[in-house]
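Participant: I have a structure here, written as structure tokens, and I will follow up with some questions on it.
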Amino acid sequence: MKSARFIGKVSLYYVDMTHAYFDTMIAAYLLDSSGRRFKLSDLASKYLDYKMSEYEDVAGKGKDQIVFDEVDVQQATQYSAEDAEITYSLCRILEQKLQEEGMLDLFYRIEMPLVFVLQEMEHNGVKIDVPLLRKISEDFSEKMGSLETIIYDLAGEPFNINSPKQLQYILFEKLNLPVKKKTKTGISTDISVLEELADQHELPQKIVEYRQYQKLKSTYVDALPQLVHPRTGRVHTSFHQTVTATGRLSSSDPNLQNIPIRSEMGKEIRRAFIAENGNVIVSADYSQIELRIFAHIAQDENMIAAFQKGEDIHAATASRIFHIPFDQVNGDQRRYAKTINFGLMYGMGPFRLSKELHISLDEAKRFIDQYFSLYPRIQECITHIIQQATERGYVQTLFGRKRYLPELNNRNRTIQELGKREAVNTVIQGTAADIIKIAMVSIQRKLDEQKMCSKMILQIHDELLFEVPTEELSAIRSIIVECMESAISLQAPLKVEIGVGENWLEAAH
DNA sequence: ACACGGCGC
DNA sequence: TATCCGCGCCGTGTA
């Protein structure tokens with residue numbers, strides 16, 4: 001609910017959901033994951049061709065709106081009963097459709113059980129070290145203050161650094177720096193542009209630094225303490241099960257799936273995610289899950305072999321692409337291979353690869369050719385996925401999750417190309433989403449069965465975070481690893497890495 | 001409300 | 001010919 005952002009989360013009622021077994025919203029989402037609205041009234045129009053009465057129809061709107069207990073009883077009865085009847089009618093229709101689409105297992109064995117796992121996680125929340133964030137905030141303020149002075153000095157005048165328009169004026173009119181990239185409405189000042197300009201003037205680099213502090217401070221450091229619940233002293237995110245086109249979860253209010261990790265400054269924010277006294281934070285993440293899925297689906301023997309031998313996949317890829325012994329792969333070579341490995345799953349082309357690695361277009365093309373000759377079945381797999389998706393109009397994950405891709409039959413080439421990348425990415429990303437959902441359900445089941453006090457608190461796409469009483473640590477370790485690694489058996493076996501610490505940063509080691 | 005920029009996987 | 005890397009959420013400025 002959008003309104004949650006404004007009124008704050010006040011409901012901590014722990015509603016007993018034991019007997020809820022069919023969620024029309026989730027069923028409709030599985031039937032069309034690209035759909036945007038799955039409200040009861042949307043579904044009634046779509047599947048029953050029935051227009052439900054709206055709340056405003058019975059209670060009025062604006063300042064004339066009355067409270068529901070003042071509504072005429074007949075009208076209130078009619079309105080309320082409609083919800084129940086429509087839900088029931090939808091349930092039968094949607095279940096039938098799920099069956100026709102082969103998605104009953106996905107629905108009953110993965111998505112519906114997951115509802116309760118997510119309810120539990122939202123209820124658990126995560127403890128935040130507010131004093132630490134306050135300290136970081138002050139530290140950032142100081143650094144931003146000095147940067148501000150330097151920036152105004154380099155610009156020759158004070159201006160609002162956060163205003164793209166004013167920044168454009170300073171960089172491209174006043175200082176006459178070259179335009180590298182345009183946006184729909186003007187000249188781009190994003191990070192890649194500023195980095196390209198860095199060798200011509202000192203200002204761009206300072207802007208980059210300033211932006212980094214500004215981003216971290218406003219989005220995380222200052223925002224998180226305000227979201228600590230007054231009664232639980234913890235932050236309770238919302239997980240959404242019907243948002244993404246691929247089957248992933250999303251998180252909002254606040255989004256705890258995009259807490260910084262890449263920059264050194266950003267990492268410090270993870271220190272503020274802590275465990276209650278007597279507990280530790282346990283992080284469990286799938287190592288290279290998407291690449292393993294790709295290797296499995298493509299049946300690529302080279303890639304499967306590398307994973308079965310437990311090799312560092314990026315180094316192994318580099319060693320074979322560059323024809324050098326495994327132990328002589330240097331940092332740059334490994335980085336190149338890593339970029340290709342990841343880019344592959346998003347359908348990165350030679351153009352983007354060349355930009356990313358600061359190499360020529362020809363070199364980028366050669367790398368990609370080398371890559372596909374090393375992993376030939378991967379290339380075949382990509383072709384196959386796209387071909388099948390174009391014929392059928394949709395793709396499916398290993399567990400039968402579907403995504404329709406009308407883009408593939410669009411007359412615009414650019415949109416078609418987008419459709420191709422979406423097709424490949426959805427199979428991989430969506431299968432990974434299926435797998436971690438299965439693991440979450442089985443882990444929660446074990447925790448309940450064994451009446452353990454450990455809590456699952458976050459899911460970050462390929463990582464699960466737990467808050468664990470120290471005495472349960474060794475037991476929970478094996479449960480987590482077992483449930484996650486055996487969620488499905490792949491030719492390139494799933495591997496889970498576990499970390500333990502007083503906070504999220506330490507646990508992620 | 002929208003565009004941009006930027007954080008995560 | 002020219003070339004956007006898939007999926008999200010959110011803060012800020014602008015209108």
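Residue numbering restarts at 1 in every chain; chains get A, B, ... in the order shown in the structure tokens, and ligands count up from 1 in that same order.
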Check every residue of chain C for an atom within 6 Å of chain A, counting only C-alpha atoms (C1' of nucleotides), and provide those that qualify as a ChimeraX atom specification.

Facilitator: /C:5-6,13

Participant: With a cut-off of 7 Å and counting only C-alpha atoms (C1' of nucleotides), select all residues of chain B in contact with chain A and give the selection as an mmCIF file with N, CA and C atoms (P, O5', C5', C4', C3', O3' and C1' of nucleotides), in the first residue's frame.

Facilitator:
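Writing the result to out-v7.cif gives the following:
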```
data_model
loop_
_atom_site.group_PDB
_atom_site.id
_atom_site.type_symbol
_atom_site.label_atom_id
_atom_site.label_comp_id
_atom_site.auth_asym_id
_atom_site.auth_seq_id
_atom_site.Cartn_x
_atom_site.Cartn_y
_atom_site.Cartn_z
ATOM 1 P P DG B 5 21.293 12.058 -15.371
ATOM 2 O "O5'" DG B 5 21.647 11.382 -13.974
ATOM 3 C "C5'" DG B 5 21.673 12.184 -12.805
ATOM 4 C "C4'" DG B 5 21.728 11.285 -11.607
ATOM 5 C "C3'" DG B 5 22.752 10.147 -11.724
ATOM 6 O "O3'" DG B 5 23.658 10.267 -10.641
ATOM 7 C "C1'" DG B 5 20.662 9.351 -10.904
ATOM 8 P P DC B 7 25.781 4.863 -5.858
ATOM 9 O "O5'" DC B 7 25.291 3.509 -5.177
ATOM 10 C "C5'" DC B 7 24.968 3.470 -3.807
ATOM 11 C "C4'" DC B 7 23.848 2.479 -3.569
ATOM 12 C "C3'" DC B 7 24.104 1.065 -4.091
ATOM 13 O "O3'" DC B 7 24.978 0.361 -3.233
ATOM 14 C "C1'" DC B 7 21.860 1.711 -4.493
ATOM 15 P P DG B 8 25.772 -0.893 -3.773
ATOM 16 O "O5'" DG B 8 24.637 -2.011 -3.831
ATOM 17 C "C5'" DG B 8 24.103 -2.538 -2.624
ATOM 18 C "C4'" DG B 8 22.936 -3.445 -2.929
ATOM 19 C "C3'" DG B 8 23.286 -4.661 -3.764
ATOM 20 O "O3'" DG B 8 23.694 -5.705 -2.899
ATOM 21 C "C1'" DG B 8 21.291 -3.648 -4.572
ATOM 22 P P DC B 9 24.569 -6.912 -3.467
ATOM 23 O "O5'" DC B 9 23.533 -7.767 -4.319
ATOM 24 C "C5'" DC B 9 22.468 -8.436 -3.649
ATOM 25 C "C4'" DC B 9 21.566 -9.093 -4.669
ATOM 26 C "C3'" DC B 9 22.265 -10.163 -5.500
ATOM 27 O "O3'" DC B 9 21.451 -11.320 -5.568
ATOM 28 C "C1'" DC B 9 21.262 -8.567 -6.928
#
```

Participant: Among region 148-249 of chain A, which ones does DSSP assign to strand (DSSP E) (computed from the backbone)? Answer as a ChimeraX atom specification.

Facilitator: /A:234-235,238-240

Participant: Need to verify the contact set: region 498-506 of chain A, 6 Å, only C-alpha atoms (C1' of nucleotides), exclusion of same-chain residues closer than 6 positions in sequence. Can you return it as number ranges by chain?

Facilitator: A: 270-271, 273-274, 280-284

Participant: Using only C-alpha atoms (C1' of nucleotides), determine which residues lie at most 12 Å from Glu497 (chain A), disregarding the query and same-chain residues fewer than 2 positions distant; provide the list as a list of chain:residue names.

Facilitator: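 Returned residues: A:Val282, A:Ser283, A:Ala284, A:Asp285, A:Tyr286, A:Ser287, A:Gln288, A:Ile289, A:Asp462, A:Glu463, A:Leu464, A:Leu465, A:Arg477, A:Ser478, A:Ile480, A:Val481, A:Glu482, A:Met484, A:Glu485, A:Leu494, A:Lys495, A:Gly499, A:Val500, A:Ala507, A:Ala508, A:His509.
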
Participant: Which of region 175-398 of chain A end up as helix (DSSP H, G or I) when DSSP is run on this backbone - answer as JSON, numbers by chain?

Facilitator: {"A": [191, 192, 193, 194, 195, 196, 197, 203, 204, 205, 206, 207, 208, 209, 210, 211, 212, 213, 214, 215, 216, 217, 218, 219, 220, 221, 223, 224, 225, 226, 264, 265, 266, 267, 268, 269, 270, 289, 290, 291, 292, 293, 294, 295, 296, 297, 298, 301, 302, 303, 304, 305, 306, 307, 308, 313, 314, 315, 316, 317, 318, 319, 320, 321, 326, 327, 328, 331, 332, 333, 334, 335, 336, 337, 338, 339, 340, 341, 342, 343, 344, 345, 346, 350, 351, 352, 353, 354, 355, 356, 357, 361, 362, 363, 364, 365, 366, 367, 368, 369, 370, 371, 372, 373, 374, 376, 377, 378, 379, 380, 381, 382, 383, 384, 385, 386, 387, 388, 389, 390, 391, 392]}

Participant: Take CA of Ile161 (chain A) and CA of Glu202 (chain A) and report the distance between them in Å, one decimal.

Facilitator: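 Separating CA of Ile161 (chain A) from CA of Glu202 (chain A) is a distance of 15.0 Å.
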